[in-house]
>>> print(open('entry24.txt').read())   # compact mmCIF, C-alpha atoms
# COMPACT_ATOMS: atom_id res chain seq x y z
CA MET A 1 -12.66 10.56 -40.78
CA THR A 2 -12.03 6.91 -41.63
CA ILE A 3 -9.30 5.16 -39.64
CA ARG A 4 -7.07 3.14 -41.97
CA VAL A 5 -5.72 -0.11 -40.51
CA VAL A 6 -3.09 -2.64 -41.60
CA ILE A 7 -3.34 -6.10 -40.01
CA VAL A 8 -0.13 -8.15 -39.65
CA GLU A 9 -1.09 -11.70 -38.64
CA ASP A 10 0.27 -15.06 -39.82
CA SER A 11 -2.88 -17.09 -39.12
CA PRO A 12 -5.37 -16.95 -42.04
CA THR A 13 -8.19 -17.75 -39.62
CA MET A 14 -7.26 -14.97 -37.21
CA ARG A 15 -6.80 -12.53 -40.08
CA ALA A 16 -10.31 -13.31 -41.25
CA ILE A 17 -11.70 -12.90 -37.71
CA LEU A 18 -10.00 -9.54 -37.22
CA MET A 19 -11.13 -8.29 -40.63
CA ASN A 20 -14.69 -9.38 -39.91
CA ARG A 21 -14.73 -7.65 -36.53
CA LEU A 22 -13.43 -4.41 -38.01
CA GLY A 23 -15.49 -4.66 -41.19
CA LYS A 24 -18.64 -3.92 -39.17
CA GLU A 25 -17.34 -0.51 -38.14
CA PRO A 26 -18.29 2.37 -40.49
CA ASP A 27 -15.34 4.53 -39.37
CA ILE A 28 -12.64 1.84 -39.72
CA GLU A 29 -11.21 0.48 -42.96
CA VAL A 30 -8.78 -2.44 -43.18
CA VAL A 31 -6.62 -1.31 -46.09
CA ALA A 32 -4.37 -4.38 -46.09
CA ALA A 33 -3.71 -7.65 -44.28
CA ALA A 34 -0.19 -9.09 -44.21
CA ALA A 35 0.85 -12.67 -43.38
CA ASN A 36 4.36 -11.84 -42.18
CA ALA A 37 6.74 -9.04 -41.26
CA ALA A 38 8.14 -8.61 -44.77
CA GLU A 39 4.65 -8.09 -46.22
CA GLY A 40 3.70 -5.87 -43.31
CA ARG A 41 6.77 -3.67 -43.75
CA GLN A 42 5.94 -3.14 -47.43
CA MET A 43 2.27 -2.39 -46.77
CA ILE A 44 3.06 0.07 -43.97
CA ARG A 45 5.56 1.86 -46.21
CA GLU A 46 3.18 2.08 -49.17
CA LEU A 47 -0.13 2.72 -47.39
CA ASP A 48 0.93 4.79 -44.34
CA PRO A 49 -1.91 3.46 -42.13
CA ASP A 50 -3.27 5.21 -39.06
CA VAL A 51 -3.04 2.07 -36.92
CA VAL A 52 -1.31 -1.33 -37.21
CA THR A 53 -2.41 -4.50 -35.47
CA LEU A 54 0.57 -6.81 -34.99
CA ASP A 55 0.88 -10.43 -33.91
CA VAL A 56 4.40 -10.57 -32.49
CA GLU A 57 4.32 -14.37 -32.05
CA MET A 58 4.53 -15.11 -35.76
CA PRO A 59 6.95 -17.89 -36.78
CA GLY A 60 9.95 -17.07 -38.93
CA MET A 61 10.36 -13.49 -37.67
CA ASN A 62 11.23 -11.50 -34.60
CA GLY A 63 8.15 -9.42 -33.92
CA LEU A 64 9.91 -7.27 -31.33
CA ASP A 65 12.63 -6.33 -33.81
CA PHE A 66 9.94 -5.51 -36.38
CA LEU A 67 8.10 -3.33 -33.87
CA ALA A 68 11.34 -1.58 -32.91
CA LYS A 69 11.96 -0.76 -36.57
CA ILE A 70 8.43 0.61 -36.97
CA MET A 71 8.89 2.87 -33.96
CA GLU A 72 12.32 3.99 -35.15
CA LEU A 73 11.66 4.58 -38.85
CA ARG A 74 7.91 5.27 -39.09
CA PRO A 75 6.36 5.70 -35.64
CA THR A 76 2.82 4.38 -35.96
CA PRO A 77 0.24 3.42 -33.31
CA VAL A 78 0.55 -0.36 -32.92
CA ILE A 79 -1.89 -2.65 -31.13
CA ILE A 80 -0.38 -6.00 -30.18
CA VAL A 81 -2.63 -8.99 -30.85
CA SER A 82 -1.52 -11.66 -28.40
CA GLY A 83 -2.16 -15.35 -27.83
CA SER A 84 -2.77 -16.86 -24.41
CA THR A 85 0.61 -18.42 -23.55
CA GLN A 86 2.93 -17.05 -20.85
CA GLU A 87 5.61 -16.64 -23.52
CA GLY A 88 3.15 -14.62 -25.58
CA ASN A 89 2.29 -12.46 -22.57
CA ASP A 90 5.98 -11.77 -21.89
CA THR A 91 6.51 -10.82 -25.53
CA THR A 92 3.50 -8.51 -25.40
CA ALA A 93 4.84 -6.80 -22.27
CA ARG A 94 8.18 -6.21 -23.97
CA ALA A 95 6.33 -4.83 -27.00
CA LEU A 96 4.46 -2.36 -24.78
CA ALA A 97 7.79 -1.28 -23.34
CA LEU A 98 9.01 -0.65 -26.89
CA GLY A 99 6.10 1.69 -27.60
CA ALA A 100 3.07 -0.38 -28.64
CA VAL A 101 0.03 1.55 -27.42
CA ASP A 102 -2.23 -1.34 -26.36
CA CYS A 103 -2.65 -5.11 -26.32
CA TYR A 104 -5.60 -7.14 -27.58
CA ALA A 105 -5.95 -10.69 -26.28
CA LYS A 106 -7.11 -13.14 -28.93
CA SER A 107 -8.75 -15.30 -26.28
CA GLY A 108 -10.63 -12.30 -24.86
CA GLY A 109 -12.77 -12.07 -27.97
CA GLY A 110 -13.26 -15.80 -28.30
CA THR A 111 -13.08 -17.55 -31.64
CA GLY A 112 -16.35 -16.10 -32.86
CA LEU A 113 -16.74 -13.02 -34.99
CA ASP A 114 -18.04 -10.68 -32.30
CA ASP A 115 -15.93 -9.18 -29.50
CA ALA A 116 -18.47 -6.53 -28.41
CA GLY A 117 -16.49 -3.86 -30.24
CA ARG A 118 -13.41 -4.19 -28.02
CA LEU A 119 -10.83 -4.15 -30.84
CA ALA A 120 -12.59 -1.30 -32.63
CA THR A 121 -12.53 0.78 -29.44
CA MET A 122 -8.80 0.17 -29.05
CA ILE A 123 -8.20 1.21 -32.65
CA ARG A 124 -10.19 4.44 -32.24
CA GLU A 125 -8.14 5.31 -29.17
CA ALA A 126 -4.87 4.35 -30.84
CA ALA A 127 -5.67 6.55 -33.84
CA LYS A 128 -5.57 9.58 -31.53
CA VAL A 129 -1.94 8.91 -30.62
CA ARG A 130 0.62 11.34 -32.03
CA PHE A 131 4.24 10.35 -31.59
CA THR A 132 6.92 12.91 -30.85
CA ALA A 133 10.57 12.53 -29.94
CA ARG A 134 11.02 9.28 -28.03
CA THR A 135 12.87 9.21 -24.73
CA PRO A 136 14.62 5.88 -24.19
CA ALA A 137 15.75 4.65 -20.81
CA THR A 138 19.48 5.36 -20.81
CA ALA A 139 22.30 4.98 -18.33
CA ARG A 140 22.78 8.76 -18.37
CA VAL A 141 19.16 9.43 -17.37
CA ALA A 142 19.40 6.88 -14.57
CA GLN A 143 22.68 8.26 -13.26
CA GLU A 144 21.34 11.84 -13.25
CA ALA A 145 18.32 10.77 -11.24
CA ARG A 146 20.26 8.70 -8.72
CA SER A 147 22.76 11.51 -8.15
CA THR A 148 20.08 13.93 -6.87
CA LEU A 149 18.70 12.08 -3.84
CA ALA A 150 18.65 15.34 -1.87
CA ASP A 151 15.12 15.04 -0.55
CA ARG A 152 14.03 11.44 -0.20
CA PRO A 153 10.23 11.00 -0.17
CA ALA A 154 8.52 8.49 2.10
CA LEU A 155 6.39 7.03 -0.69
CA ILE A 156 5.86 7.41 -4.43
CA ALA A 157 2.60 6.79 -6.31
CA ILE A 158 2.43 6.61 -10.11
CA GLY A 159 -0.50 6.47 -12.54
CA SER A 160 -0.34 5.73 -16.27
CA SER A 161 -2.38 4.42 -19.17
CA THR A 162 -1.85 4.46 -22.96
CA GLY A 163 1.89 4.41 -23.64
CA GLY A 164 2.47 3.91 -19.94
CA VAL A 165 4.57 0.74 -19.96
CA GLU A 166 7.21 2.42 -22.11
CA ALA A 167 7.05 5.54 -19.91
CA LEU A 168 7.30 3.51 -16.71
CA GLN A 169 10.40 1.79 -18.01
CA THR A 170 12.07 5.17 -18.52
CA VAL A 171 11.00 6.59 -15.15
CA LEU A 172 11.85 3.48 -13.11
CA ALA A 173 15.23 3.15 -14.80
CA GLY A 174 16.06 6.41 -13.02
CA PHE A 175 15.08 5.10 -9.59
CA PRO A 176 17.81 3.93 -7.18
CA ALA A 177 17.82 0.29 -6.13
CA ASP A 178 16.84 1.38 -2.60
CA CYS A 179 14.05 3.75 -3.71
CA PRO A 180 11.13 4.52 -1.38
CA PRO A 181 8.16 2.13 -1.63
CA THR A 182 6.37 2.86 -4.90
CA LEU A 183 2.79 1.99 -5.91
CA ILE A 184 1.67 1.98 -9.56
CA VAL A 185 -1.69 1.79 -11.29
CA GLN A 186 -1.21 1.15 -15.00
CA HIS A 187 -4.39 0.61 -17.04
CA ILE A 188 -3.82 -2.80 -18.61
CA ASN A 189 -5.56 -6.10 -19.23
CA ALA A 190 -5.06 -8.19 -16.06
CA ARG A 191 -3.72 -11.06 -18.15
CA PHE A 192 -0.67 -9.02 -19.11
CA ALA A 193 0.07 -7.43 -15.72
CA PRO A 194 2.39 -10.22 -14.45
CA ALA A 195 4.42 -10.05 -17.66
CA VAL A 196 4.66 -6.25 -17.44
CA ALA A 197 5.97 -6.54 -13.88
CA ARG A 198 8.58 -9.09 -15.01
CA THR A 199 9.62 -6.95 -17.97
CA LEU A 200 10.08 -3.84 -15.84
CA ASP A 201 11.87 -5.83 -13.15
CA GLN A 202 14.46 -7.02 -15.67
CA SER A 203 15.41 -3.52 -16.79
CA CYS A 204 15.09 -1.29 -13.69
CA PRO A 205 17.16 -1.10 -10.49
CA PRO A 206 14.36 -1.62 -7.89
CA ARG A 207 12.50 -4.89 -7.39
CA ILE A 208 9.21 -4.72 -9.30
CA LEU A 209 6.36 -7.10 -8.46
CA LEU A 210 2.58 -7.38 -8.47
CA ALA A 211 0.77 -5.94 -5.47
CA GLU A 212 -0.86 -8.46 -3.14
CA PRO A 213 -3.40 -7.91 -0.34
CA ASP A 214 -1.79 -6.69 2.90
CA LEU A 215 1.72 -6.97 1.45
CA PRO A 216 4.01 -4.76 3.61
CA LEU A 217 5.77 -2.01 1.69
CA LYS A 218 9.57 -2.07 1.64
CA ASP A 219 12.28 0.26 0.37
CA GLY A 220 13.63 -0.80 -3.00
CA HIS A 221 10.31 -2.34 -4.03
CA VAL A 222 7.76 -1.19 -6.63
CA TYR A 223 4.23 -2.63 -6.48
CA LEU A 224 2.16 -2.81 -9.68
CA ALA A 225 -1.63 -3.12 -9.51
CA PRO A 226 -2.70 -6.57 -10.75
CA GLY A 227 -5.11 -4.96 -13.20
CA ASP A 228 -8.05 -7.19 -12.26
CA ASP A 229 -11.34 -6.23 -10.61
CA ARG A 230 -9.73 -4.65 -7.53
CA HIS A 231 -8.56 -1.11 -6.74
CA LEU A 232 -5.03 -0.67 -5.38
CA SER A 233 -4.65 1.77 -2.50
CA LEU A 234 -2.30 2.51 0.37
CA GLY A 235 -3.18 0.85 3.65
CA GLY A 236 -1.89 1.09 7.21
CA SER A 237 -0.46 3.85 9.38
CA ASN A 238 2.56 2.59 11.28
CA THR A 239 3.21 -0.27 8.85
CA LEU A 240 2.28 0.67 5.31
CA HIS A 241 0.92 -2.08 3.08
CA CYS A 242 -0.85 -2.72 -0.23
CA LYS A 243 -4.62 -2.67 -0.03
CA LEU A 244 -6.65 -4.38 -2.75
CA ARG A 245 -10.43 -4.13 -2.69
CA ALA A 246 -13.24 -4.92 -5.04
CA GLY A 247 -15.48 -2.12 -6.20
CA ALA A 248 -17.05 -0.27 -9.08
CA PRO A 249 -14.92 1.59 -11.63
CA VAL A 250 -13.81 5.08 -10.57
CA SER A 251 -13.14 7.68 -13.25
CA GLY A 252 -14.03 4.91 -15.69
CA HIS A 253 -11.35 2.49 -14.51
CA LEU A 254 -10.82 -0.51 -12.24
CA PRO A 255 -8.20 -0.23 -10.84
CA SER A 256 -8.24 3.57 -10.78
CA VAL A 257 -5.35 6.01 -10.40
CA ASP A 258 -7.70 8.39 -8.57
CA VAL A 259 -8.32 5.75 -5.87
CA LEU A 260 -4.59 5.18 -5.37
CA PHE A 261 -3.72 8.88 -5.24
CA ALA A 262 -6.63 9.70 -2.89
CA SER A 263 -5.51 6.99 -0.45
CA VAL A 264 -1.98 8.44 -0.38
CA ALA A 265 -3.35 11.96 0.17
CA GLU A 266 -5.32 10.73 3.17
CA ALA A 267 -2.40 8.84 4.73
CA ALA A 268 -0.02 10.13 7.38
CA VAL A 269 2.81 10.07 4.82
CA GLY A 270 0.78 12.13 2.33
CA ALA A 271 2.77 15.32 2.83
CA ARG A 272 6.04 13.41 2.36
CA SER A 273 4.94 11.57 -0.76
CA VAL A 274 5.35 12.12 -4.50
CA GLY A 275 2.58 11.67 -7.05
CA ILE A 276 3.47 11.15 -10.71
CA LEU A 277 0.90 11.15 -13.53
CA LEU A 278 2.12 9.84 -16.86
CA THR A 279 0.76 9.47 -20.39
CA GLY A 280 -2.79 8.22 -20.88
CA MET A 281 -6.25 8.97 -22.24
CA GLY A 282 -9.05 10.47 -20.21
CA ALA A 283 -8.77 12.10 -16.80
CA ASP A 284 -8.17 9.28 -14.32
CA GLY A 285 -5.70 10.49 -11.69
CA ALA A 286 -6.32 14.22 -12.08
CA GLN A 287 -8.59 14.60 -9.03
CA GLY A 288 -6.39 12.27 -7.00
CA LEU A 289 -3.26 14.21 -7.89
CA LEU A 290 -5.02 17.40 -6.80
CA ALA A 291 -5.83 15.77 -3.46
CA MET A 292 -2.16 14.82 -3.07
CA ALA A 293 -1.06 18.39 -3.88
CA GLN A 294 -3.51 19.78 -1.33
CA ALA A 295 -2.09 17.35 1.25
CA GLY A 296 1.38 18.79 0.67
CA ALA A 297 2.79 16.14 -1.63
CA ARG A 298 5.12 16.89 -4.51
CA THR A 299 3.08 16.32 -7.68
CA ILE A 300 4.49 15.78 -11.17
CA ALA A 301 2.79 15.51 -14.57
CA GLN A 302 4.48 14.38 -17.76
CA ASP A 303 4.71 17.17 -20.33
CA GLU A 304 2.83 17.11 -23.63
CA ALA A 305 5.92 16.82 -25.82
CA THR A 306 6.92 13.42 -24.41
CA CYS A 307 3.44 11.93 -23.84
CA THR A 308 2.04 9.27 -26.13
CA VAL A 309 -1.36 10.69 -25.14
CA PHE A 310 -1.58 13.91 -23.12
CA GLY A 311 -5.08 13.31 -21.73
CA MET A 312 -4.48 12.39 -18.08
CA PRO A 313 -1.59 14.82 -17.48
CA ARG A 314 -3.50 17.59 -19.27
CA ALA A 315 -6.54 17.07 -17.02
CA ALA A 316 -4.34 17.30 -13.91
CA ILE A 317 -2.52 20.39 -15.16
CA ASN A 318 -5.83 22.10 -15.96
CA LEU A 319 -6.94 21.48 -12.36
CA GLY A 320 -3.74 22.99 -11.01
CA ALA A 321 -2.83 19.61 -9.52
CA ALA A 322 0.71 19.37 -10.93
CA ARG A 323 3.36 21.40 -9.13
CA ILE A 324 5.95 20.21 -11.66
CA ILE A 325 5.43 19.60 -15.39
CA ALA A 326 8.42 17.73 -16.78
CA PRO A 327 9.61 15.73 -19.78
CA LEU A 328 9.70 11.98 -19.27
CA GLY A 329 13.48 11.75 -19.04
CA SER A 330 13.71 14.07 -16.03
CA ILE A 331 10.72 12.88 -13.98
CA ALA A 332 12.77 10.50 -11.81
CA ARG A 333 15.17 13.34 -10.97
CA HIS A 334 12.27 15.62 -10.01
CA ALA A 335 10.83 12.88 -7.80
CA PHE A 336 13.92 12.86 -5.60
CA SER A 337 15.03 16.48 -5.51
CA LYS A 338 12.88 19.54 -4.92
CA ALA A 339 15.61 21.65 -6.43
CA ALA A 340 15.62 19.61 -9.64
>>> encode(input="entry24.txt", output="structure tokens")
Amino acid sequence: MTIRVVIVEDSPTMRAILMNRLGKEPDIEVVAAAANAAEGRQMIRELDPDVVTLDVEMPGMNGLDFLAKIMELRPTPVIIVSGSTQEGNDTTARALALGAVDCYAKSGGGTGLDDAGRLATMIREAAKVRFTARTPATARVAQEARSTLADRPALIAIGSSTGGVEALQTVLAGFPADCPPTLIVQHINARFAPAVARTLDQSCPPRILLAEPDLPLKDGHVYLAPGDDRHLSLGGSNTLHCKLRAGAPVSGHLPSVDVLFASVAEAAVGARSVGILLTGMGADGAQGLLAMAQAGARTIAQDEATCTVFGMPRAAINLGAARIIAPLGSIARHAFSKAA
């Protein structure tokens, strides 16, 4: 089946580059290319594309407002096409939190016409996304979670991929400001990881920052993997700390959720930890979540109805790794109360 794509991009040069890159793919058809939000809105309404690529840094429009309208009125898989400025990275992170499924760095593909098929791969993955009822981060969800701190874990580990930034925002909004130390592996381009950490930090009670080598873990702090060429794992025994190490991809990813979860399972706090596997493609995290469950940890997988992509949670559920299968809005509550 041909994947139909609408490009929304104000730069004529970049529009031509994107169209050329996608024009080489036999299973992808660019059905329209818009120069601004108004044109894009009309084309999306008339053509009902499978995927939209969106430059949210276009002058004369608020790309985030446009994306929010797309997700509200006609939920469609959107890939953000971002420039290389810090402002652009911050905007991209906010777009991911609004529901964009992936981000494509203009600089990553250079100014030539070939990006080694990177954009086409993102579009094929995005076309598999099926949106269901969205679960925003609300004060009610956060209050429910914070009111059930009946069984405080020693550590929380979270893995996520496609749709994960939006899901993380909902889950972390339900965490108390003094939550147990929390480690996260989110599959994302390393360039955007600092902006994602800043975006989550602005909207969630705990302090959210990028993990650094040997950084001691503290209550009330959430540590996000930098997303570069290093795996994030749990280090230490008496004094827990972030461990970052170079290595080959595991389960197809670097950093890998499986590596993080396995390190927690092997630690002394493993039986008093919580593992959470959120939306994402593939199976990264499934084996690690099983190891955590076998170590006595409480393990939670996001349910199919609220996932952007059910791949990673499905793989864990099929292995019997998830002791709890829950909708996104109640995962924080389940993390803190066995009776939840």
>>> atom_distance(input="entry24.txt", atom1="CA of Asn20 (chain A)", atom2="CA of Asp50 (chain A)")
18.5 Å
>>> residues_near_point(input="entry24.txt", point="(-2.0, 7.6, -14.1)", cutoff="9 Å", atoms="all atoms listed in the file", output="list in words")
Ile158, Gly159, Ser160, Ser161, Gly164, Ile184, Val185, Gln186, His187, Ser256, Val257, Asp258, Ile276, Leu277, Leu278, Thr279, Gly280, Ala283, Asp284, Gly285, Ala286, Met312 and Pro313 of chain A
>>> closest_residue(input="entry24.txt", among="A:Ala295, A:Cys242, A:Ala38, A:Ala267", to="Gly60 (chain A)", atoms="all atoms listed in the file")
A:Ala38
>>> atom_distance(input="entry24.txt", atom1="CA of Ile79 (chain A)", atom2="CA of Pro249 (chain A)")
23.8 Å
>>> atom_distance(input="entry24.txt", atom1="CA of Val6 (chain A)", atom2="CA of Phe310 (chain A)")
24.9 Å
>>> closest_residue(input="entry24.txt", among="A:Val51, A:Leu96, A:Leu328, A:Ala35", to="Ala120 (chain A)", atoms="all atoms listed in the file")
A:Val51
>>> closest_residue(input="entry24.txt", among="A:Cys204, A:Leu290, A:Ile188, A:Met43", to="Leu168 (chain A)", atoms="only C-alpha atoms")
A:Cys204
>>> closest_residue(input="entry24.txt", among="A:Ala105, A:Ala297, A:Ile70, A:Ala262", to="Asp55 (chain A)", atoms="all atoms listed in the file")
A:Ala105
>>> closest_residue(input="entry24.txt", among="A:Gly236, A:Gly23, A:Gly83, A:Pro216", to="Glu266 (chain A)", atoms="all atoms listed in the file")
A:Gly236
